[in-house]
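> For reference, this is start11.tsv, and it has TSV, C-alpha atoms.
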chain	number	residue	atom	x	y	z
I	1	SER	CA	-10.16	76.07	-2.50
I	2	GLU	CA	-13.12	74.73	-0.50
I	3	LEU	CA	-12.91	77.29	2.31
I	4	ASP	CA	-12.41	79.98	-0.34
I	5	LYS	CA	-15.78	79.00	-1.86
I	6	PHE	CA	-17.55	78.96	1.51
I	7	CYS	CA	-16.14	82.37	2.43
I	8	LYS	CA	-17.21	83.88	-0.91
I	9	LYS	CA	-20.79	82.71	-0.23
I	10	THR	CA	-20.78	84.82	2.94
I	11	GLY	CA	-19.03	87.87	1.49
I	12	ARG	CA	-15.65	87.13	3.11
I	13	ASN	CA	-12.21	86.79	1.55
I	14	PHE	CA	-10.50	83.65	2.86
I	15	ASP	CA	-7.05	85.09	2.06
I	16	ASP	CA	-7.62	87.62	4.88
I	17	PHE	CA	-7.46	84.70	7.36
I	18	LEU	CA	-4.83	82.49	5.69
I	19	ILE	CA	-1.68	81.77	7.75
I	20	HIS	CA	0.26	79.00	5.98
I	21	ASP	CA	-0.30	77.54	2.52
I	22	GLY	CA	1.32	74.08	2.55
I	23	LYS	CA	3.61	72.74	-0.18
I	24	ASN	CA	4.62	69.34	1.28
I	25	MET	CA	3.43	67.14	4.10
I	26	HIS	CA	6.31	65.23	5.71
I	27	VAL	CA	5.20	61.77	6.86
I	28	LYS	CA	7.14	59.49	9.20
I	29	MET	CA	5.71	56.01	9.69
I	30	ASN	CA	6.29	53.92	12.85
I	31	ASN	CA	8.66	51.60	10.91
I	32	ASN	CA	10.79	54.69	10.13
I	33	VAL	CA	9.59	54.86	6.50
I	34	LYS	CA	9.56	58.54	5.52
I	35	PHE	CA	7.93	60.18	2.51
I	36	ASP	CA	6.44	63.50	1.41
I	37	ILE	CA	2.96	64.17	0.08
I	38	GLY	CA	2.60	67.13	-2.29
I	39	LEU	CA	0.05	69.70	-1.09
I	40	HIS	CA	-2.25	71.92	-3.14
I	41	GLY	CA	-4.35	73.98	-0.76
I	42	LEU	CA	-3.92	72.21	2.60
I	43	CYS	CA	-3.41	75.20	4.86
I	44	THR	CA	-3.68	76.68	8.33
I	45	TYR	CA	-5.80	79.76	8.95
I	46	ASP	CA	-6.97	81.97	11.79
I	47	LYS	CA	-10.14	80.03	12.60
I	48	LEU	CA	-10.91	82.07	15.73
I	49	ALA	CA	-10.74	85.38	13.84
I	50	LEU	CA	-13.06	83.99	11.16
I	51	ILE	CA	-15.55	82.75	13.78
I	52	LYS	CA	-15.46	86.11	15.58
I	53	ASP	CA	-16.13	87.85	12.27
I	54	PHE	CA	-19.13	85.58	11.61
I	55	ILE	CA	-20.70	85.98	15.07
I	56	LYS	CA	-20.16	89.72	15.60
I	57	ASP	CA	-23.82	90.51	14.77
I	58	SER	CA	-25.28	87.54	16.66
I	59	LYS	CA	-26.60	87.22	20.19
I	60	ILE	CA	-24.13	84.94	21.98
I	61	ILE	CA	-24.76	83.47	25.43
I	62	TYR	CA	-21.48	82.37	27.03
I	63	GLY	CA	-20.87	80.06	29.98
I	64	GLU	CA	-24.24	78.28	30.11
I	65	THR	CA	-26.19	75.80	28.02
I	66	PRO	CA	-29.77	77.03	27.53
I	67	LYS	CA	-32.35	74.41	28.49
I	68	LEU	CA	-34.07	72.73	25.55
I	69	GLU	CA	-37.55	73.50	26.96
I	70	GLU	CA	-36.74	77.23	27.01
I	71	LEU	CA	-35.43	77.18	23.44
I	72	GLU	CA	-38.47	75.25	22.22
I	73	LYS	CA	-40.78	77.95	23.61
I	74	GLU	CA	-38.89	80.72	21.82
I	75	TYR	CA	-37.75	79.22	18.48
I	76	ASP	CA	-39.25	77.33	15.51
I	77	MET	CA	-36.03	75.40	14.88
I	78	ILE	CA	-32.98	74.54	17.00
I	79	VAL	CA	-29.82	73.60	15.08
I	80	ASP	CA	-27.50	71.41	17.14
I	81	CYS	CA	-23.94	72.27	16.06
I	82	THR	CA	-22.47	71.30	19.42
I	83	GLY	CA	-20.10	68.74	17.84
I	84	PHE	CA	-19.15	65.84	20.04
I	85	ALA	CA	-21.51	66.95	22.85
I	86	ARG	CA	-24.69	66.50	20.75
I	87	ALA	CA	-26.25	68.58	23.51
I	88	TYR	CA	-29.85	68.65	22.24
I	89	LEU	CA	-30.11	65.33	20.40
I	90	PRO	CA	-30.65	61.86	21.94
I	91	LYS	CA	-27.50	60.01	23.05
I	92	LEU	CA	-26.02	57.57	20.54
I	93	GLU	CA	-26.47	53.83	21.07
I	94	GLU	CA	-22.94	53.17	19.84
I	95	ASP	CA	-20.36	55.95	19.61
I	96	PHE	CA	-16.74	55.74	18.44
I	97	PHE	CA	-14.26	58.52	19.14
I	98	LEU	CA	-10.61	59.38	19.66
I	99	PRO	CA	-9.29	61.50	22.53
I	100	THR	CA	-7.13	64.37	21.20
I	101	TYR	CA	-4.77	66.85	22.83
I	102	GLU	CA	-2.88	69.76	21.33
I	103	TYR	CA	-0.62	72.71	22.16
I	104	LYS	CA	-0.13	76.05	20.48
I	105	VAL	CA	3.66	76.51	20.70
I	106	GLU	CA	5.92	79.52	20.19
I	107	TYR	CA	9.55	78.94	19.17
I	108	PRO	CA	12.28	81.47	20.10
I	109	ASP	CA	14.28	81.36	16.87
I	110	LYS	CA	12.75	79.19	14.19
I	111	VAL	CA	10.18	76.44	13.86
I	112	PRO	CA	11.41	72.80	13.77
I	113	PHE	CA	9.56	72.05	10.49
I	114	ASP	CA	8.84	74.40	7.62
I	115	ASP	CA	5.62	72.62	6.62
I	116	PHE	CA	3.05	70.05	7.75
I	117	TYR	CA	4.45	66.97	9.54
I	118	ILE	CA	2.59	63.86	10.72
I	119	GLU	CA	3.44	60.54	12.38
I	120	PRO	CA	0.69	57.89	12.10
I	121	PHE	CA	0.60	55.55	15.12
I	122	PRO	CA	0.91	51.75	14.74
I	123	GLY	CA	-2.28	50.08	13.55
I	124	MET	CA	-3.74	53.40	12.38
I	125	SER	CA	-4.99	54.08	15.91
I	126	GLY	CA	-4.39	57.82	15.36
I	127	TYR	CA	-1.55	60.17	14.53
I	128	PHE	CA	0.69	62.94	15.82
I	129	TRP	CA	0.51	66.23	13.92
I	130	TYR	CA	2.53	69.40	13.53
I	131	PHE	CA	0.76	72.28	11.75
I	132	PRO	CA	2.71	75.49	10.98
I	133	LEU	CA	1.21	78.82	12.11
I	134	GLY	CA	3.65	81.33	10.64
I	135	GLU	CA	7.29	82.14	11.34
I	136	LYS	CA	7.44	81.33	15.09
I	137	TRP	CA	4.33	79.34	15.95
I	138	ALA	CA	2.84	75.87	15.40
I	139	HIS	CA	0.01	73.62	16.55
I	140	ILE	CA	1.32	70.29	17.78
I	141	GLY	CA	-0.98	67.56	18.95
I	142	ALA	CA	-2.24	64.02	18.54
I	143	GLY	CA	-5.29	61.81	18.70
I	144	ASP	CA	-5.01	58.14	19.58
I	145	TYR	CA	-7.50	55.39	20.32
I	146	ARG	CA	-4.86	53.71	22.54
I	147	LYS	CA	-4.34	56.95	24.47
I	148	ASN	CA	-0.65	57.50	23.65
I	149	HIS	CA	-1.46	60.95	22.27
I	150	ILE	CA	-0.32	63.02	25.28
I	151	LYS	CA	3.01	61.14	25.53
I	152	ALA	CA	3.69	61.62	21.79
I	153	THR	CA	2.93	65.35	22.03
I	154	ASP	CA	5.07	65.80	25.16
I	155	ASP	CA	7.96	63.81	23.62
I	156	PHE	CA	7.95	66.13	20.60
I	157	LEU	CA	7.89	69.17	22.90
I	158	LYS	CA	10.88	67.83	24.87
I	159	LYS	CA	12.81	67.11	21.68
I	160	TYR	CA	12.22	70.44	19.90
I	161	GLY	CA	11.49	72.82	22.78
I	162	GLY	CA	9.19	75.82	22.46
I	163	LYS	CA	6.91	77.71	24.82
I	164	VAL	CA	3.37	76.40	25.26
I	165	LEU	CA	0.87	79.23	24.80
I	166	GLN	CA	-2.39	77.26	24.88
I	167	THR	CA	-3.53	73.69	25.45
I	168	LYS	CA	-6.71	72.01	24.32
I	169	GLY	CA	-8.03	68.49	24.75
I	170	ARG	CA	-11.24	67.12	23.29
I	171	PRO	CA	-12.69	63.93	21.86
I	172	ILE	CA	-13.29	63.73	18.10
I	173	ARG	CA	-16.18	61.60	16.85
I	174	LEU	CA	-15.28	59.10	14.12
I	175	ALA	CA	-18.70	57.42	14.10
I	176	THR	CA	-20.26	58.22	10.73
I	177	PRO	CA	-23.70	59.73	9.97
I	178	GLY	CA	-25.05	56.19	9.48
I	179	LYS	CA	-24.26	55.51	13.16
I	180	CYS	CA	-25.45	58.91	14.46
I	181	LYS	CA	-29.22	58.59	14.06
I	182	PRO	CA	-31.47	60.28	14.88
I	183	PHE	CA	-30.39	63.44	13.06
I	184	TYR	CA	-33.46	65.26	14.32
I	185	LYS	CA	-36.08	65.13	17.06
I	186	GLY	CA	-38.93	67.59	17.51
I	187	LYS	CA	-37.63	71.07	16.68
I	188	VAL	CA	-33.96	70.01	16.97
I	189	VAL	CA	-31.84	69.08	13.95
I	190	GLY	CA	-28.13	68.18	14.02
I	191	VAL	CA	-25.53	69.57	11.62
I	192	GLY	CA	-21.82	68.70	11.41
I	193	GLU	CA	-19.90	66.60	13.92
I	194	SER	CA	-23.00	66.18	16.11
I	195	ILE	CA	-24.21	63.79	13.37
I	196	GLY	CA	-20.79	62.31	12.53
I	197	THR	CA	-19.30	64.30	9.64
I	198	VAL	CA	-15.60	63.62	10.37
I	199	TYR	CA	-13.54	61.85	7.70
I	200	ALA	CA	-12.14	58.99	9.82
I	201	LEU	CA	-8.95	58.36	7.81
I	202	LEU	CA	-7.68	61.91	8.41
I	203	GLY	CA	-9.68	62.98	11.46
I	204	GLU	CA	-10.74	65.94	9.32
I	205	GLY	CA	-14.01	67.67	10.15
I	206	ILE	CA	-14.06	71.31	9.05
I	207	ILE	CA	-14.81	70.93	5.34
I	208	PRO	CA	-17.14	67.89	5.69
I	209	SER	CA	-19.09	69.82	8.35
I	210	MET	CA	-19.32	72.90	6.10
I	211	GLN	CA	-20.63	70.65	3.32
I	212	CYS	CA	-23.22	69.39	5.80
I	213	VAL	CA	-24.30	73.01	6.38
I	214	ASP	CA	-24.85	73.40	2.62
I	215	ILE	CA	-26.98	70.22	2.54
I	216	PHE	CA	-28.95	71.49	5.55
I	217	ILE	CA	-29.66	74.89	3.96
I	218	ASP	CA	-30.97	73.15	0.83
I	219	ASN	CA	-33.29	70.93	2.92
I	220	MET	CA	-33.94	72.93	6.08
I	221	ASN	CA	-37.72	72.81	5.69
I	222	ASP	CA	-37.81	69.04	5.28
I	223	PHE	CA	-35.81	67.10	7.88
I	224	ALA	CA	-36.54	63.72	6.24
I	225	ALA	CA	-35.15	64.98	2.91
I	226	TYR	CA	-32.15	66.39	4.79
I	227	GLU	CA	-31.44	62.99	6.39
I	228	LYS	CA	-31.66	61.26	3.00
I	229	ALA	CA	-29.30	63.82	1.38
I	230	VAL	CA	-26.78	63.45	4.24
I	231	ASP	CA	-26.89	59.64	3.97
I	232	GLU	CA	-26.18	59.86	0.24
I	233	HIS	CA	-23.36	62.44	0.50
I	234	TYR	CA	-21.48	60.63	3.30
I	235	LYS	CA	-22.04	56.98	2.30
I	236	ILE	CA	-18.31	56.51	1.48
I	237	TYR	CA	-17.58	57.54	5.11
I	238	ASP	CA	-19.02	54.19	6.29
I	239	LYS	CA	-16.40	52.30	4.23
I	240	VAL	CA	-13.63	54.58	5.54
I	241	PHE	CA	-14.81	54.07	9.14
I	242	LYS	CA	-15.06	50.27	8.70
I	243	PHE	CA	-11.51	50.24	7.28
I	244	VAL	CA	-10.05	52.36	10.12
I	245	ARG	CA	-11.93	50.50	12.88
I	246	ALA	CA	-10.77	47.10	11.59
I	247	LYS	CA	-7.15	48.35	11.71
I	248	ILE	CA	-7.58	49.72	15.23
I	249	HIS	CA	-9.22	46.53	16.54
I	250	LYS	CA	-6.51	44.40	14.84
I	251	ASN	CA	-9.00	42.31	12.85
I	252	PHE	CA	-7.95	43.80	9.53
I	253	ASN	CA	-7.60	41.59	6.48
I	254	PHE	CA	-6.23	43.41	3.44
I	255	LEU	CA	-7.73	41.02	0.87
I	256	LYS	CA	-11.18	41.24	2.45
I	257	SER	CA	-10.84	45.02	2.70
I	258	LEU	CA	-9.52	45.45	-0.85
I	259	PRO	CA	-12.86	46.51	-2.43
I	260	ASP	CA	-13.33	49.16	0.30
I	261	PHE	CA	-9.68	50.26	-0.05
I	262	ILE	CA	-10.13	50.77	-3.82
I	263	SER	CA	-13.40	52.69	-3.25
I	264	ILE	CA	-11.67	54.98	-0.71
I	265	PHE	CA	-8.74	55.57	-3.07
I	266	ARG	CA	-11.05	56.38	-6.01
I	267	TYR	CA	-13.09	58.77	-3.86
I	268	MET	CA	-9.99	60.61	-2.63
I	269	LYS	CA	-8.39	60.67	-6.10
I	270	LYS	CA	-11.56	62.11	-7.62
I	271	ASN	CA	-11.63	64.77	-4.86
I	272	GLU	CA	-7.89	65.59	-4.82
I	273	ALA	CA	-8.54	69.35	-5.02
I	274	ARG	CA	-10.96	69.18	-2.07
I	275	PHE	CA	-8.44	67.22	0.06
I	276	GLY	CA	-5.69	69.65	-0.98
I	277	MET	CA	-3.07	66.95	-1.52
I	278	ASP	CA	-1.64	64.50	-4.07
I	279	VAL	CA	-3.50	61.22	-3.63
I	280	LYS	CA	-1.29	58.27	-4.64
I	281	ILE	CA	-2.20	54.63	-4.16
I	282	ALA	CA	1.39	53.83	-3.04
I	283	ASP	CA	1.13	56.40	-0.18
I	284	LEU	CA	-2.28	55.07	0.86
I	285	MET	CA	-0.81	51.54	0.90
I	286	LYS	CA	2.00	52.67	3.24
I	287	VAL	CA	-0.57	54.11	5.65
I	288	ALA	CA	-2.79	51.01	5.35
I	289	LYS	CA	0.17	48.78	6.31
I	290	ALA	CA	0.99	50.87	9.40
Could you express the structure from this file as structure tokens?

Amino acid sequence: SELDKFCKKTGRNFDDFLIHDGKNMHVKMNNNVKFDIGLHGLCTYDKLALIKDFIKDSKIIYGETPKLEELEKEYDMIVDCTGFARAYLPKLEEDFFLPTYEYKVEYPDKVPFDDFYIEPFPGMSGYFWYFPLGEKWAHIGAGDYRKNHIKATDDFLKKYGGKVLQTKGRPIRLATPGKCKPFYKGKVVGVGESIGTVYALLGEGIIPSMQCVDIFIDNMNDFAAYEKAVDEHYKIYDKVFKFVRAKIHKNFNFLKSLPDFISIFRYMKKNEARFGMDVKIADLMKVAKA
């Protein structure tokens, strides 16, 4: 529903790019607890085709990063959407990220799972994912703070087979906007993952980054107002990040974290349609105990 709205704003029909509309997410915890989460809009789509459609009328320079001094001479504003690289903004004092690795896989007969499948790692240090891409293809991959992501992905590949068509590895920033200051310097202003718009509990960045674009467009002539609006919109992300980081660093205390846990649950429950899944406190508890 969210990507549908964003596409309508730009005169595109999201259904033209839709690949798989999920019905259930199969979850397998590290203690072998298994459960399903009902889905209402969590999907896979042809992101590359959509990007190509967006940029077909733009001047694209491939294979080199233009120097900031050159851009400053030519442009009034430089929008840094370089994600983790933050290529034109000052380096962060304290970053926090997960390494990720994924394959696009083709299966000869049929796919091993008919819908989304995830395996959270112990201590919420990351998770393995399987995302369906139509009748014969899937994205499999993982992100893990403790760097077991490549082993988990390769183990799944050995177990279920399939031909690897593409591989991709990249870090994903979990540090929130509150930890990604400055958002702007001189003519440069950051939008999206370059200023920390990934939802740490899910490692999800596409929709939060698109929301950041909306906030930027509303405030693009006033960077200070933009920073204030971003801080307000993403303030719950600080609680989510604190919760996830405490689990990863093994200094998590459920009673101490209870107020944050309830805030996170309420936020996700209120935004069920935007997350595209049934949000149940019992499921969140299972993940929190991982």
> Do you know which residues are at most 10 Å from I:Asp76 counting all atoms listed in the file, after dropping those on the same chain fewer than 2 positions away, and could you put them as a VMD selection string?
chain I and resid 71 to 74 78 186 to 188
> Between I:Val105, I:Val189, I:Val279, I:Leu48, single out the one closest to I:Ala224, counting all atoms listed in the file.
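Nearest to I:Ala224: I:Val189.
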> Have a look at I:Lys34, I:Lys28, I:Lys56, I:Lys110 and name the one nearest to I:Trp129; count only C-alpha atoms.
I:Lys28
> Let me make sure I understand: among I:Leu202, I:Val230, I:Leu98, I:Ile118, which one has the smallest atom-to-atom distance to I:Arg173 if we use all atoms listed in the file?
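Of I:Leu202, I:Val230, I:Leu98, I:Ile118, the one nearest I:Arg173, counting all atoms listed in the file, is I:Leu98.
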> Env of I:Thr10: 12 Å cut, atoms = only C-alpha atoms, seq-sep filter 4 positions within chain, self excluded. Answer as a list in words.
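So the residues in contact are Leu3, Asp4, Lys5, Phe6, Phe14, Leu50, Asp53 and Phe54 of chain I.
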> Could you dump the residues just selected with C-alpha atoms as an mmCIF file, keeping the file's coordinate frame?

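The file below, again.cif, is the result:
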data_model
loop_
_atom_site.group_PDB
_atom_site.id
_atom_site.type_symbol
_atom_site.label_atom_id
_atom_site.label_comp_id
_atom_site.auth_asym_id
_atom_site.auth_seq_id
_atom_site.Cartn_x
_atom_site.Cartn_y
_atom_site.Cartn_z
ATOM 1 C CA LEU I 3 -12.910 77.290 2.310
ATOM 2 C CA ASP I 4 -12.410 79.980 -0.340
ATOM 3 C CA LYS I 5 -15.780 79.000 -1.860
ATOM 4 C CA PHE I 6 -17.550 78.960 1.510
ATOM 5 C CA PHE I 14 -10.500 83.650 2.860
ATOM 6 C CA LEU I 50 -13.060 83.990 11.160
ATOM 7 C CA ASP I 53 -16.130 87.850 12.270
ATOM 8 C CA PHE I 54 -19.130 85.580 11.610
#
> Assuming 6 Å of padding per side, give the centre and edge lengths of the axis-aligned box around every listed atom of stretch 137-146 of chain I, in Å to one decimal and as lines of an AutoDock Vina configuration file.

center_x = -1.6
center_y = 66.5
center_z = 19.0
size_x = 23.8
size_y = 37.6
size_z = 19.1
> For I:Val33, which residue among I:Val287, I:Pro259, I:Ser1, I:Lys185 is the nearest when counting all atoms listed in the file?
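Under the stated criterion, the closest residue is I:Val287.
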> Find the spatial neighbours of I:Ile19, counting all atoms listed in the file, within a cut-off of 8 Å - ignore same-chain residues fewer than 3 positions away - and output them as JSON, numbers by chain.
{"I": [43, 44, 45, 46, 133, 134]}
> Would you work out the distance separating atom CA of I:Arg274 from atom CA of I:Ile206, expressed in Å to one decimal?
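Interatomic distance here is 11.7 Å.
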> Return the single residue from I:Asp115, I:Lys181, I:Thr197, I:Glu106 that is closest to I:Tyr160, with distances computed using only C-alpha atoms.
I:Glu106
> Mind checking which residues fall within 10 Å of I:Asp238, counting all atoms listed in the file, ignoring those fewer than 3 positions away in the same chain, and posting them as a list in words?
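Result of the neighbour search: Leu174, Ala175, Thr176, Pro177, Gly178, Lys179, Tyr199, Ala200, Asp231, Tyr234, Lys235, Phe241, Lys242, Phe243, Val244 and Asp260 of chain I.
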> How about saving the chosen residues, C-alpha atoms kept, as a CSV table (one decimal), in the frame of the given file?

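So selection.csv came out as:
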chain,number,residue,atom,x,y,z
I,174,LEU,CA,-15.3,59.1,14.1
I,175,ALA,CA,-18.7,57.4,14.1
I,176,THR,CA,-20.3,58.2,10.7
I,177,PRO,CA,-23.7,59.7,10.0
I,178,GLY,CA,-25.0,56.2,9.5
I,179,LYS,CA,-24.3,55.5,13.2
I,199,TYR,CA,-13.5,61.8,7.7
I,200,ALA,CA,-12.1,59.0,9.8
I,231,ASP,CA,-26.9,59.6,4.0
I,234,TYR,CA,-21.5,60.6,3.3
I,235,LYS,CA,-22.0,57.0,2.3
I,241,PHE,CA,-14.8,54.1,9.1
I,242,LYS,CA,-15.1,50.3,8.7
I,243,PHE,CA,-11.5,50.2,7.3
I,244,VAL,CA,-10.0,52.4,10.1
I,260,ASP,CA,-13.3,49.2,0.3
> Can you measure atom CA of I:Ile207 to atom CA of I:Ala142 for me? One decimal in Å is fine.
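Atom CA of I:Ala142 lies at a distance of 19.5 Å from atom CA of I:Ile207.
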> Separation of atom CA of I:Gln211 and atom CA of I:His20, in Å?
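Result for atom CA of I:Gln211 versus atom CA of I:His20: 22.7 Å, one decimal.
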> Counting only C-alpha atoms, which residue out of I:Asn30, I:Asn24, I:Thr82, I:Ser194 sits closest to I:Gly126?
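Nearest to I:Gly126: I:Asn30.
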> Near I:Arg170, within 8 Å and counting only C-alpha atoms, which residues show up once chain neighbours fewer than 4 positions away are dropped, as a PDB file with C-alpha atoms, keeping the file's coordinate frame?

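Saved result, around.pdb, follows:
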ATOM      1  CA  PRO I  99      -9.290  61.500  22.530  1.00  0.00           C
ATOM      2  CA  THR I 100      -7.130  64.370  21.200  1.00  0.00           C
ATOM      3  CA  TYR I 101      -4.770  66.850  22.830  1.00  0.00           C
TER       4      TYR I 101
END
> Can you check which parts of stretch 23-71 of chain I lie within 10 Å of stretch 83-88 of chain I? Per residue, the shortest pair of atoms and distance in Å to one decimal, counting all atoms listed in the file, sorted by chain and number, as CSV.

residue,atom,partner,partner_atom,distance
I:Thr65,CA,I:Ala87,CA,8.5
I:Pro66,CA,I:Tyr88,CA,9.9
I:Lys67,CA,I:Tyr88,CA,8.9
I:Leu68,CA,I:Tyr88,CA,6.7
> Kindly export the residues of the current selection with C-alpha atoms, as a PDB file, keeping the file's coordinate frame.

ATOM      1  CA  THR I  65     -26.190  75.800  28.020  1.00  0.00           C
ATOM      2  CA  PRO I  66     -29.770  77.030  27.530  1.00  0.00           C
ATOM      3  CA  LYS I  67     -32.350  74.410  28.490  1.00  0.00           C
ATOM      4  CA  LEU I  68     -34.070  72.730  25.550  1.00  0.00           C
TER       5      LEU I  68
END
